[in-house]
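**Q** File name target_1.cif; file contents mmCIF, C-alpha atoms; full text below.
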```
data_input
#
loop_
_atom_site.label_atom_id
_atom_site.label_comp_id
_atom_site.auth_asym_id
_atom_site.auth_seq_id
_atom_site.Cartn_x
_atom_site.Cartn_y
_atom_site.Cartn_z
CA MET A 1491 138.05 58.88 101.02
CA LEU A 1492 137.47 58.50 104.76
CA ALA A 1493 133.89 58.39 105.95
CA ALA A 1494 132.67 61.37 107.91
CA PRO A 1495 132.55 60.89 111.66
CA VAL A 1496 129.25 59.53 112.93
CA ALA A 1497 128.65 62.64 115.04
CA SER A 1498 129.21 64.85 112.01
CA ARG A 1499 126.82 62.83 109.90
CA ARG A 1500 124.20 62.96 112.62
CA SER A 1501 124.67 66.71 112.92
CA ALA A 1502 124.39 67.11 109.15
CA ARG A 1503 121.18 65.10 109.08
CA LEU A 1504 119.73 67.11 111.95
CA VAL A 1505 120.59 70.46 110.36
CA TRP A 1506 119.21 69.31 107.02
CA ALA A 1507 116.02 67.88 108.57
CA VAL A 1508 115.29 71.13 110.41
CA ALA A 1509 116.05 73.19 107.31
CA VAL A 1510 113.69 70.98 105.28
CA ALA A 1511 111.03 71.54 107.96
CA ALA A 1512 111.47 75.28 107.40
CA TYR A 1513 111.03 74.72 103.64
CA VAL A 1514 107.91 72.59 104.27
CA ALA A 1515 106.52 75.51 106.29
CA ALA A 1516 107.35 77.91 103.45
CA ILE A 1517 105.50 75.76 100.91
CA PHE A 1518 102.59 75.57 103.35
CA HIS A 1519 102.46 79.35 103.61
CA ARG A 1520 102.84 79.76 99.84
CA SER A 1521 100.00 77.38 98.98
CA SER A 1522 97.61 78.37 101.79
CA LEU A 1523 95.74 80.82 99.55
CA GLY A 1524 95.13 78.19 96.87
CA VAL A 1525 92.48 76.27 98.83
CA THR A 1526 91.00 79.36 100.52
CA GLY A 1527 90.45 81.52 97.45
CA VAL A 1528 86.66 81.15 97.47
CA ASP A 1529 86.49 82.04 101.17
CA ALA A 1530 88.92 84.94 100.61
CA ALA A 1531 86.71 86.37 97.87
CA HIS A 1532 83.76 86.33 100.26
CA ARG A 1533 85.72 87.69 103.23
CA PHE A 1534 87.17 90.64 101.34
CA ASP A 1535 84.18 91.06 99.00
CA VAL A 1536 86.32 91.09 95.85
CA ASN A 1537 85.87 89.85 92.30
CA ALA A 1538 88.19 87.43 90.50
CA SER A 1539 90.55 90.13 89.20
CA ALA A 1540 91.04 91.61 92.66
CA LEU A 1541 91.54 88.17 94.18
CA ALA A 1542 94.25 87.51 91.60
CA THR A 1543 96.25 90.46 92.95
CA PHE A 1544 96.78 88.52 96.21
CA SER A 1545 98.72 85.79 94.41
CA VAL A 1546 100.35 88.21 91.98
CA ALA A 1547 101.77 90.27 94.84
CA GLN A 1548 103.17 87.13 96.47
CA LEU A 1549 104.64 85.71 93.25
CA ALA A 1550 106.02 89.03 92.02
CA VAL A 1551 107.95 89.60 95.25
CA TYR A 1552 109.26 86.03 95.14
CA ALA A 1553 110.50 86.42 91.57
CA ALA A 1554 111.94 89.90 92.09
CA MET A 1555 113.91 88.78 95.16
CA GLN A 1556 115.75 85.85 93.57
CA VAL A 1557 118.92 87.75 92.67
CA PRO A 1558 118.99 90.02 95.77
CA VAL A 1559 118.52 86.99 98.04
CA GLY A 1560 121.48 85.28 96.39
CA VAL A 1561 123.63 88.30 97.18
CA LEU A 1562 122.37 88.42 100.78
CA LEU A 1563 123.00 84.71 101.20
CA ASP A 1564 126.65 85.08 100.23
CA ARG A 1565 126.98 87.94 102.69
CA PHE A 1566 125.04 86.70 105.75
CA GLY A 1567 124.71 82.92 105.48
CA SER A 1568 121.75 80.52 105.50
CA ARG A 1569 120.83 80.57 109.19
CA ARG A 1570 120.19 84.31 109.31
CA LEU A 1571 118.14 84.27 106.10
CA LEU A 1572 116.06 81.30 107.26
CA ILE A 1573 115.31 83.11 110.52
CA VAL A 1574 114.40 86.38 108.82
CA GLY A 1575 112.39 84.60 106.12
CA GLY A 1576 110.52 82.50 108.67
CA ALA A 1577 109.70 85.56 110.76
CA LEU A 1578 108.38 87.41 107.72
CA MET A 1579 106.10 84.51 106.77
CA VAL A 1580 104.74 84.20 110.31
CA ALA A 1581 104.04 87.94 110.33
CA GLY A 1582 102.36 87.62 106.93
CA GLN A 1583 100.04 84.83 108.09
CA LEU A 1584 99.11 86.78 111.23
CA CYS A 1585 98.29 89.82 109.08
CA PHE A 1586 96.23 87.63 106.75
CA ALA A 1587 94.39 86.13 109.72
CA LEU A 1588 93.38 89.56 111.02
CA ALA A 1589 92.93 91.41 107.70
CA THR A 1590 89.45 92.56 106.77
CA ASP A 1591 90.41 94.87 103.90
CA VAL A 1592 92.25 94.30 100.63
CA PRO A 1593 95.36 96.48 101.22
CA LEU A 1594 96.28 94.64 104.45
CA ALA A 1595 95.60 91.28 102.80
CA ILE A 1596 97.91 92.13 99.89
CA ALA A 1597 100.58 93.35 102.32
CA ALA A 1598 100.30 90.01 104.12
CA ARG A 1599 100.89 88.06 100.88
CA VAL A 1600 103.87 90.33 100.09
CA LEU A 1601 105.44 89.42 103.45
CA ILE A 1602 104.87 85.73 102.71
CA GLY A 1603 106.41 86.03 99.24
CA LEU A 1604 109.42 87.86 100.67
CA GLY A 1605 110.05 85.24 103.36
CA ASP A 1606 109.43 82.38 100.92
CA ALA A 1607 112.04 83.80 98.54
CA MET A 1608 114.71 83.43 101.25
CA THR A 1609 114.02 79.81 102.13
CA PHE A 1610 114.75 77.26 99.39
CA ILE A 1611 118.02 78.81 98.25
CA SER A 1612 119.19 78.97 101.90
CA VAL A 1613 118.44 75.29 102.39
CA LEU A 1614 120.41 74.42 99.25
CA ARG A 1615 123.37 76.39 100.59
CA LEU A 1616 123.27 74.30 103.79
CA VAL A 1617 123.22 71.11 101.74
CA ALA A 1618 126.33 72.24 99.87
CA LEU A 1619 128.19 73.03 103.11
CA TRP A 1620 127.15 70.04 105.22
CA PHE A 1621 127.26 67.16 102.71
CA PRO A 1622 129.93 65.81 100.33
CA GLY A 1623 129.71 67.08 96.77
CA ARG A 1624 128.82 63.64 95.42
CA ARG A 1625 125.61 63.67 97.47
CA TYR A 1626 124.53 67.17 96.50
CA PRO A 1627 122.31 66.27 93.47
CA MET A 1628 120.36 63.63 95.39
CA MET A 1629 120.01 65.77 98.53
CA THR A 1630 118.80 68.69 96.42
CA GLN A 1631 116.13 66.57 94.72
CA LEU A 1632 115.14 65.08 98.07
CA THR A 1633 114.86 68.55 99.59
CA GLY A 1634 112.59 69.78 96.80
CA THR A 1635 110.45 66.65 96.98
CA LEU A 1636 109.98 66.63 100.75
CA GLY A 1637 109.12 70.32 100.70
CA GLN A 1638 105.90 69.46 98.86
CA PHE A 1639 104.50 68.02 102.07
CA GLY A 1640 103.81 71.66 102.90
CA ALA A 1641 101.25 71.73 100.11
CA LEU A 1642 99.59 68.66 101.64
CA LEU A 1643 99.24 70.54 104.93
CA GLY A 1644 97.81 73.48 102.99
CA ALA A 1645 95.05 71.41 101.38
CA VAL A 1646 92.60 69.20 103.29
CA PRO A 1647 93.73 70.04 106.89
CA LEU A 1648 93.61 73.79 106.31
CA VAL A 1649 90.24 73.63 104.53
CA ALA A 1650 88.79 71.50 107.32
CA LEU A 1651 90.09 73.89 109.97
CA LEU A 1652 88.84 76.92 108.03
CA HIS A 1653 85.32 75.57 107.72
CA ARG A 1654 85.19 74.35 111.30
CA ALA A 1655 86.90 77.15 113.22
CA GLY A 1656 86.69 80.12 110.85
CA TRP A 1657 89.10 82.39 109.02
CA THR A 1658 91.12 83.96 111.85
CA PRO A 1659 91.72 80.76 113.89
CA ALA A 1660 92.75 78.90 110.73
CA PHE A 1661 95.40 81.40 109.71
CA VAL A 1662 96.59 81.98 113.28
CA THR A 1663 97.18 78.23 113.36
CA ALA A 1664 99.08 78.54 110.07
CA ALA A 1665 101.25 81.22 111.69
CA ALA A 1666 101.83 78.90 114.66
CA VAL A 1667 103.07 76.17 112.29
CA GLY A 1668 105.55 78.64 110.84
CA ALA A 1669 106.61 79.84 114.30
CA THR A 1670 107.34 76.24 115.33
CA ALA A 1671 109.59 75.73 112.29
CA LEU A 1672 111.26 79.08 112.99
CA LEU A 1673 112.05 78.09 116.58
CA MET A 1674 113.56 74.82 115.36
CA VAL A 1675 115.84 76.75 113.01
CA VAL A 1676 116.98 79.06 115.81
CA VAL A 1677 117.85 76.10 118.04
CA ALA A 1678 119.31 73.57 115.61
CA VAL A 1679 120.64 75.15 112.41
CA ARG A 1680 124.26 76.20 112.02
CA ASP A 1681 125.78 77.48 108.80
CA THR A 1682 128.75 75.08 108.72
CA PRO A 1683 129.94 72.00 110.64
CA ARG A 1684 132.45 74.19 112.50
CA GLY A 1685 129.82 76.76 113.37
CA GLU A 1686 131.31 79.77 111.61
CA ILE A 1687 129.19 81.98 109.36
CA PRO A 1688 130.37 81.64 105.74
CA THR A 1689 130.14 85.29 104.85
CA GLY A 1690 132.08 87.25 102.31
CA ALA A 1691 132.51 90.79 101.14
CA ALA A 1692 129.36 92.23 99.66
CA PRO A 1693 129.66 92.20 95.87
CA THR A 1694 129.52 95.52 94.12
CA LEU A 1695 126.76 96.45 91.72
CA ALA A 1696 129.28 96.10 88.90
CA ASP A 1697 130.05 92.51 90.02
CA VAL A 1698 126.37 91.59 90.07
CA ARG A 1699 125.78 93.14 86.66
CA ARG A 1700 128.79 91.36 85.17
CA ASP A 1701 127.71 87.92 86.43
CA LEU A 1702 124.11 88.43 85.33
CA ALA A 1703 125.18 89.65 81.89
CA ALA A 1704 127.48 86.67 81.44
CA ALA A 1705 124.77 84.24 82.53
CA TRP A 1706 122.23 85.86 80.21
CA ALA A 1707 124.63 85.77 77.28
CA GLN A 1708 124.81 81.98 77.57
CA PRO A 1709 122.05 80.43 75.38
CA GLY A 1710 121.82 77.52 77.80
CA THR A 1711 120.69 79.90 80.54
CA ARG A 1712 117.89 81.24 78.36
CA LEU A 1713 116.98 77.67 77.42
CA GLY A 1714 116.62 77.03 81.14
CA LEU A 1715 114.51 80.16 81.61
CA TRP A 1716 112.06 79.23 78.85
CA THR A 1717 111.98 75.61 80.02
CA HIS A 1718 110.97 76.86 83.47
CA PHE A 1719 108.47 79.23 81.81
CA VAL A 1720 106.69 76.65 79.67
CA THR A 1721 106.51 73.82 82.22
CA GLN A 1722 105.68 75.55 85.51
CA PHE A 1723 102.79 77.96 85.09
CA SER A 1724 99.83 75.61 84.51
CA GLY A 1725 100.37 73.45 87.57
CA ALA A 1726 101.53 76.37 89.73
CA VAL A 1727 98.51 78.58 89.00
CA PHE A 1728 96.13 75.66 89.48
CA ALA A 1729 97.64 74.88 92.89
CA LEU A 1730 98.24 78.42 94.09
CA LEU A 1731 94.89 80.03 93.28
CA TRP A 1732 92.54 79.06 90.47
CA GLY A 1733 92.35 75.26 90.69
CA TYR A 1734 90.17 75.20 93.80
CA PRO A 1735 87.60 77.74 92.50
CA PHE A 1736 87.56 75.90 89.15
CA LEU A 1737 86.79 72.59 90.85
CA VAL A 1738 84.22 74.00 93.30
CA GLN A 1739 82.48 76.75 91.30
CA GLY A 1740 83.06 75.45 87.78
CA GLN A 1741 82.92 71.67 88.22
CA GLY A 1742 80.52 71.64 91.18
CA LEU A 1743 82.69 69.57 93.52
CA SER A 1744 82.44 69.84 97.29
CA PRO A 1745 85.23 71.76 99.06
CA THR A 1746 86.53 68.54 100.61
CA THR A 1747 86.64 66.73 97.26
CA ALA A 1748 88.38 69.67 95.59
CA ALA A 1749 90.96 69.83 98.38
CA SER A 1750 91.46 66.08 98.07
CA LEU A 1751 92.23 66.44 94.36
CA LEU A 1752 94.82 69.12 95.17
CA THR A 1753 96.28 66.74 97.76
CA LEU A 1754 96.45 64.00 95.12
CA MET A 1755 98.25 66.44 92.85
CA THR A 1756 100.88 67.10 95.51
CA ALA A 1757 101.28 63.40 96.33
CA ALA A 1758 101.82 62.62 92.64
CA MET A 1759 104.40 65.39 92.50
CA LEU A 1760 106.32 63.67 95.30
CA LEU A 1761 106.49 60.50 93.20
CA THR A 1762 107.25 62.02 89.80
CA GLY A 1763 110.04 64.35 90.97
CA PRO A 1764 112.64 61.60 91.54
CA MET A 1765 111.58 59.89 88.30
CA ILE A 1766 112.26 63.02 86.25
CA ALA A 1767 115.57 63.59 88.05
CA HIS A 1768 116.59 60.01 87.27
CA PHE A 1769 115.64 60.42 83.60
CA CYS A 1770 117.68 63.62 83.26
CA ALA A 1771 120.69 61.99 84.91
CA ARG A 1772 120.50 58.94 82.65
CA HIS A 1773 119.53 60.76 79.43
CA PRO A 1774 120.94 64.31 79.53
CA PHE A 1775 120.84 64.53 75.73
CA HIS A 1776 117.04 64.19 75.73
CA ARG A 1777 115.94 66.65 78.39
CA SER A 1778 114.22 68.94 75.90
CA VAL A 1779 112.30 65.97 74.51
CA LEU A 1780 110.90 65.37 77.98
CA VAL A 1781 110.02 69.06 78.28
CA PHE A 1782 108.05 69.00 75.03
CA ALA A 1783 106.35 65.72 75.98
CA ILE A 1784 105.17 67.00 79.37
CA THR A 1785 104.05 70.35 77.95
CA GLY A 1786 102.17 68.64 75.11
CA ALA A 1787 100.47 66.17 77.45
CA THR A 1788 99.36 69.00 79.74
CA ALA A 1789 97.92 70.97 76.83
CA VAL A 1790 96.08 67.93 75.45
CA VAL A 1791 94.48 66.96 78.78
CA TRP A 1792 93.39 70.56 79.40
CA ALA A 1793 91.85 70.61 75.90
CA VAL A 1794 89.78 67.52 76.72
CA VAL A 1795 88.64 68.99 80.06
CA LEU A 1796 87.71 72.36 78.56
CA ALA A 1797 85.92 70.82 75.57
CA TRP A 1798 83.98 68.23 77.58
CA PRO A 1799 80.21 68.83 77.27
CA GLY A 1800 79.07 69.84 80.72
CA ARG A 1801 81.03 69.08 83.86
CA ALA A 1802 83.98 66.73 83.48
CA PRO A 1803 83.70 63.23 84.96
CA GLY A 1804 85.75 62.36 88.02
CA TRP A 1805 88.26 60.20 86.18
CA LEU A 1806 89.08 63.09 83.82
CA LEU A 1807 89.66 65.52 86.68
CA VAL A 1808 91.93 62.97 88.35
CA THR A 1809 93.83 62.66 85.08
CA LEU A 1810 94.15 66.44 84.92
CA VAL A 1811 95.64 66.79 88.40
CA LEU A 1812 98.02 63.88 87.77
CA VAL A 1813 99.32 65.53 84.61
CA LEU A 1814 99.59 68.89 86.34
CA ALA A 1815 101.59 67.21 89.10
CA VAL A 1816 104.42 66.61 86.64
CA ASN A 1817 104.69 70.32 85.80
CA GLY A 1818 106.58 71.31 88.95
CA PRO A 1819 109.29 68.63 88.73
CA ALA A 1820 109.58 69.27 84.99
CA SER A 1821 110.32 72.94 85.61
CA LEU A 1822 113.43 71.91 87.58
CA ILE A 1823 114.97 70.80 84.29
CA GLY A 1824 115.54 74.52 83.69
CA PHE A 1825 117.93 74.61 86.67
CA ASP A 1826 119.73 71.58 85.29
CA TYR A 1827 120.39 73.56 82.12
CA ALA A 1828 121.79 76.41 84.22
CA ARG A 1829 124.20 73.96 85.85
CA SER A 1830 125.16 72.32 82.54
CA PHE A 1831 125.96 75.49 80.58
CA ASN A 1832 127.53 77.77 83.21
CA PRO A 1833 130.76 77.63 85.24
CA VAL A 1834 130.52 77.04 88.97
CA ASN A 1835 131.13 80.68 89.89
CA ARG A 1836 128.12 81.75 87.79
CA ILE A 1837 125.55 79.09 88.66
CA GLY A 1838 123.92 81.29 91.31
CA SER A 1839 123.29 84.11 88.84
CA ALA A 1840 122.13 81.68 86.16
CA THR A 1841 119.77 79.96 88.60
CA GLY A 1842 118.24 83.31 89.55
CA VAL A 1843 117.63 84.11 85.88
CA VAL A 1844 116.02 80.71 85.24
CA ASN A 1845 113.77 80.95 88.30
CA VAL A 1846 112.21 84.16 87.00
CA GLY A 1847 110.77 82.43 83.91
CA GLY A 1848 108.10 80.27 85.49
CA PHE A 1849 107.04 82.89 88.00
CA VAL A 1850 106.60 85.57 85.33
CA ALA A 1851 104.43 83.14 83.36
CA SER A 1852 102.46 82.31 86.51
CA ILE A 1853 101.89 85.98 87.30
CA VAL A 1854 100.62 86.62 83.76
CA LEU A 1855 98.27 83.63 83.91
CA VAL A 1856 96.94 84.45 87.40
CA LEU A 1857 96.03 87.95 86.25
CA ALA A 1858 94.68 86.83 82.87
CA VAL A 1859 92.42 84.18 84.39
CA GLY A 1860 91.03 86.72 86.87
CA VAL A 1861 90.33 89.29 84.17
CA VAL A 1862 88.68 86.79 81.81
CA LEU A 1863 86.56 85.36 84.62
CA ASP A 1864 85.21 88.82 85.39
CA LEU A 1865 84.53 89.54 81.71
CA ALA A 1866 82.89 86.16 81.05
CA THR A 1867 80.73 86.00 84.18
CA PRO A 1868 77.18 87.23 83.46
CA ALA A 1869 76.19 90.47 85.20
CA GLY A 1870 74.54 89.88 88.54
CA GLN A 1871 75.89 86.35 88.88
CA ALA A 1872 77.65 85.83 92.22
CA ALA A 1873 80.31 83.37 91.02
CA PRO A 1874 81.86 82.39 87.66
CA ASP A 1875 80.26 79.48 85.88
CA LEU A 1876 81.90 76.66 83.93
CA THR A 1877 81.79 78.61 80.66
CA ALA A 1878 83.70 81.49 82.23
CA PHE A 1879 86.36 79.10 83.53
CA ARG A 1880 86.68 77.51 80.09
CA TRP A 1881 87.45 80.86 78.47
CA ALA A 1882 89.80 81.82 81.29
CA PHE A 1883 91.92 78.65 81.20
CA ALA A 1884 92.09 78.79 77.40
CA VAL A 1885 94.55 81.69 77.87
CA GLN A 1886 97.16 79.05 78.72
CA TYR A 1887 97.55 78.10 75.08
CA ALA A 1888 99.09 81.46 74.17
CA LEU A 1889 101.72 80.97 76.90
CA TRP A 1890 102.42 77.39 75.84
CA ALA A 1891 102.89 78.45 72.22
CA LEU A 1892 105.30 81.25 73.17
CA GLY A 1893 107.26 79.03 75.55
CA ALA A 1894 107.53 76.09 73.13
CA VAL A 1895 108.84 78.31 70.32
CA GLN A 1896 111.44 79.84 72.65
CA VAL A 1897 112.56 76.47 74.04
CA LEU A 1898 113.10 75.21 70.49
CA ARG A 1899 114.90 78.42 69.54
CA TYR A 1900 117.33 78.38 72.45
CA ARG A 1901 117.85 74.63 72.35
CA ASN A 1902 119.19 75.07 68.84
CA ALA A 1903 121.26 78.10 69.90
CA ALA A 1904 122.70 76.20 72.87
CA ARG A 1905 123.64 73.28 70.66
CA ARG A 1906 125.36 75.57 68.18
CA GLU A 1907 127.25 77.33 70.97
CA LEU A 1908 128.34 74.04 72.50
CA ALA A 1909 129.48 72.71 69.12
CA THR A 1910 131.88 75.65 68.77
CA ARG A 1911 133.50 74.82 72.11
CA THR A 1912 134.04 71.08 71.78
CA PRO A 1913 133.53 68.45 69.07
CA VAL A 1914 130.63 66.32 70.26
CA THR A 1915 128.28 63.87 68.62
CA ALA A 1916 125.37 64.74 70.88
CA THR A 1917 124.49 67.71 72.96
CA PRO A 1918 123.11 67.97 76.52
CA ALA A 1919 119.89 69.73 75.61
#
```
Would you write out, as structure tokens, the structure that this file holds?
**A**
Amino acid sequence: MLAAPVASRRSARLVWAVAVAAYVAAIFHRSSLGVTGVDAAHRFDVNASALATFSVAQLAVYAAMQVPVGVLLDRFGSRRLLIVGGALMVAGQLCFALATDVPLAIAARVLIGLGDAMTFISVLRLVALWFPGRRYPMMTQLTGTLGQFGALLGAVPLVALLHRAGWTPAFVTAAAVGATALLMVVVAVRDTPRGEIPTGAAPTLADVRRDLAAAWAQPGTRLGLWTHFVTQFSGAVFALLWGYPFLVQGQGLSPTTAASLLTLMTAAMLLTGPMIAHFCARHPFHRSVLVFAITGATAVVWAVVLAWPGRAPGWLLVTLVLVLAVNGPASLIGFDYARSFNPVNRIGSATGVVNVGGFVASIVLVLAVGVVLDLATPAGQAAPDLTAFRWAFAVQYALWALGAVQVLRYRNAARRELATRTPVTATPA
């Protein structure tokens, strides 16, 4: 095979780099509430349950838009969706910067969730069109890993700016970061090397239903969904909303120290992502073993933290965030199942189904933690104490139990289904 022309490779790298910058901005917008939850509760004068609705609105829109965004992407191409998504997130951050009441704040998070839902899948489409197929797996993993730098920007720098300049300047600055990435997309991103827009006829509702039904009927797709469910929610909820209040209000850490721990969590995620991808590529028959190992380790470390008499020591909290850092990369194993068990023409639908799992679990946990915190916080007390946080995070064990049972159930079903198709001595689950 002839090497691609140097100019083409440079163009591909430029388009990809700008698209990744847009994804970094999306992760920054997504995670910006996680380190500002305590300040948001004070600004909007809300309790824990009401604060949870901010993240729930954002996550629910993101999850609900997975399939519709896939259809729009096929119709309009990546560039248009990245532009629209970036504009929505900038508008959301501006609304959040100026909001002084709960309805406008929730509307702002909805705009951010809507724009975020359009970003990652659009970047992956660009990777598929600009790079050779043999490079797609590595470029996809690299894209997901580099995107986590957005969470780094949303931790210590944003907290420092918030406490120095105040709420509105901090989130106007966040909007400016998004606007810069949006301008870069407008200038540099093209859908294909030749510049045409890879659009197609809009699929009918019957086509969408047929593909979704076929993907759902495949046990491997449901194995991917429950894998995403059981591995994602603990780390996601900790990073997106409740980790910072737990560390500051429950564990008594300073805001800077708490933000630093969240930064450490993101940095560890950057390192563990490629390691998990390498393991799955080398040992595809043992992916579910890795899922159970990571889930079990997370549950055990949380048990130690929650059972520790008094506030947990620093080394234990560091251990907790390091274990939680593996959750995000582990959830990507669900997408690997979608690829393994579905034909090429159905991977988009299967991926959309899988992506719903973790976000549904995260929504349930965000709400449950908020409700339990309100119930367990003594009347008249301004903020939840450590005991309230212990009861709230104990809710995770019900979700882990449900997810583990379902992963085991559909792993066995996927193996049986695969055995009927081809005689194998081992199965990729």
**Q** Which residues, written as an mmCIF file with C-alpha atoms, in the frame of the given file, have at least one atom at most 8 Å from Ala1509 (chain A), with all atoms listed in the file counted and residues fewer than 3 positions away on the same chain left out?
**A**
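Below you can see out01.cif, which holds the result:
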```cif
data_model
loop_
_atom_site.group_PDB
_atom_site.id
_atom_site.type_symbol
_atom_site.label_atom_id
_atom_site.label_comp_id
_atom_site.auth_asym_id
_atom_site.auth_seq_id
_atom_site.Cartn_x
_atom_site.Cartn_y
_atom_site.Cartn_z
ATOM 1 C CA VAL A 1505 120.590 70.460 110.360
ATOM 2 C CA TRP A 1506 119.210 69.310 107.020
ATOM 3 C CA ALA A 1512 111.470 75.280 107.400
ATOM 4 C CA TYR A 1513 111.030 74.720 103.640
ATOM 5 C CA VAL A 1613 118.440 75.290 102.390
ATOM 6 C CA VAL A 1675 115.840 76.750 113.010
ATOM 7 C CA VAL A 1679 120.640 75.150 112.410
#
```
**Q** List the residues selected by the PyMOL selection byres ((chain A and resi 1783-1798) around 6) in the file shown, writing them as a list in words.
**A**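 Selected by the PyMOL selection byres ((chain A and resi 1783-1798) around 6) in this file: Leu1780, Val1781, Phe1782, Pro1799, Val1813 and Arg1880 of chain A.
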**Q** Save out the residues we just selected, C-alpha atoms, as an mmCIF file, in the frame of the given file.
**A**
```cif
data_model
loop_
_atom_site.group_PDB
_atom_site.id
_atom_site.type_symbol
_atom_site.label_atom_id
_atom_site.label_comp_id
_atom_site.auth_asym_id
_atom_site.auth_seq_id
_atom_site.Cartn_x
_atom_site.Cartn_y
_atom_site.Cartn_z
ATOM 1 C CA LEU A 1780 110.900 65.370 77.980
ATOM 2 C CA VAL A 1781 110.020 69.060 78.280
ATOM 3 C CA PHE A 1782 108.050 69.000 75.030
ATOM 4 C CA PRO A 1799 80.210 68.830 77.270
ATOM 5 C CA VAL A 1813 99.320 65.530 84.610
ATOM 6 C CA ARG A 1880 86.680 77.510 80.090
#
```
**Q** The PyMOL selection byres ((chain A and resi 1571) around 10) - which residues does that actually catch in the file I just gave you? List them as an mmCIF file with C-alpha atoms, in the frame of the given file.
**A**
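Generated file (part26.cif):
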```cif
data_model
loop_
_atom_site.group_PDB
_atom_site.id
_atom_site.type_symbol
_atom_site.label_atom_id
_atom_site.label_comp_id
_atom_site.auth_asym_id
_atom_site.auth_seq_id
_atom_site.Cartn_x
_atom_site.Cartn_y
_atom_site.Cartn_z
ATOM 1 C CA VAL A 1559 118.520 86.990 98.040
ATOM 2 C CA LEU A 1562 122.370 88.420 100.780
ATOM 3 C CA LEU A 1563 123.000 84.710 101.200
ATOM 4 C CA PHE A 1566 125.040 86.700 105.750
ATOM 5 C CA GLY A 1567 124.710 82.920 105.480
ATOM 6 C CA SER A 1568 121.750 80.520 105.500
ATOM 7 C CA ARG A 1569 120.830 80.570 109.190
ATOM 8 C CA ARG A 1570 120.190 84.310 109.310
ATOM 9 C CA LEU A 1572 116.060 81.300 107.260
ATOM 10 C CA ILE A 1573 115.310 83.110 110.520
ATOM 11 C CA VAL A 1574 114.400 86.380 108.820
ATOM 12 C CA GLY A 1575 112.390 84.600 106.120
ATOM 13 C CA GLY A 1576 110.520 82.500 108.670
ATOM 14 C CA ALA A 1577 109.700 85.560 110.760
ATOM 15 C CA GLY A 1605 110.050 85.240 103.360
ATOM 16 C CA ALA A 1607 112.040 83.800 98.540
ATOM 17 C CA MET A 1608 114.710 83.430 101.250
ATOM 18 C CA THR A 1609 114.020 79.810 102.130
ATOM 19 C CA ILE A 1611 118.020 78.810 98.250
ATOM 20 C CA SER A 1612 119.190 78.970 101.900
ATOM 21 C CA VAL A 1613 118.440 75.290 102.390
#
```
**Q** Using CA of Leu1619 (chain A) and CA of Gly1640 (chain A) as the two end points, give the distance in Å to one decimal.
**A**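 Distance between the two atoms: 24.4 Å.
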**Q** Which residues would end up in the selection if the PyMOL selection byres ((chain A and resi 1731-1748) around 10) were applied here, given that I need the answer as a VMD selection string?
**A** chain A and resid 1521 to 1529 1538 1541 to 1542 1544 to 1546 1645 to 1647 1649 to 1650 1653 1724 to 1730 1749 to 1754 1800 to 1804 1807 1811 1855 to 1856 1859 to 1860 1873 to 1880 1882 to 1883
**Q** Find the smallest box with edges along x, y and z containing every listed atom of region 1714-1727 of chain A, then add 6 Å on each side and report centre and edge lengths in Å to one decimal, as JSON.
**A**
```
{"center_x": 107.6, "center_y": 76.8, "center_z": 84.3, "size_x": 30.1, "size_y": 18.7, "size_z": 22.9}
```
**Q** Check the smallest atom-to-atom distance from each of A:Phe1769, A:Phe1518, A:Phe1586, A:Trp1890 to Ala1641 (chain A) using only C-alpha atoms, then report the winner.
**A**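 The shortest atom-to-atom distance to Ala1641 (chain A) comes from A:Phe1518.
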**Q** What does the structure give for the distance between CA of Val1514 (chain A) and CA of Gln1638 (chain A), in Å to one decimal?
**A**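 One can read the CA of Val1514 (chain A) to CA of Gln1638 (chain A) distance as 6.6 Å.
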**Q** What is the CA of Leu1594 (chain A) to CA of Ala1666 (chain A) distance in Å?
**A**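 Separation between CA of Leu1594 (chain A) and CA of Ala1666 (chain A): 19.6 Å.
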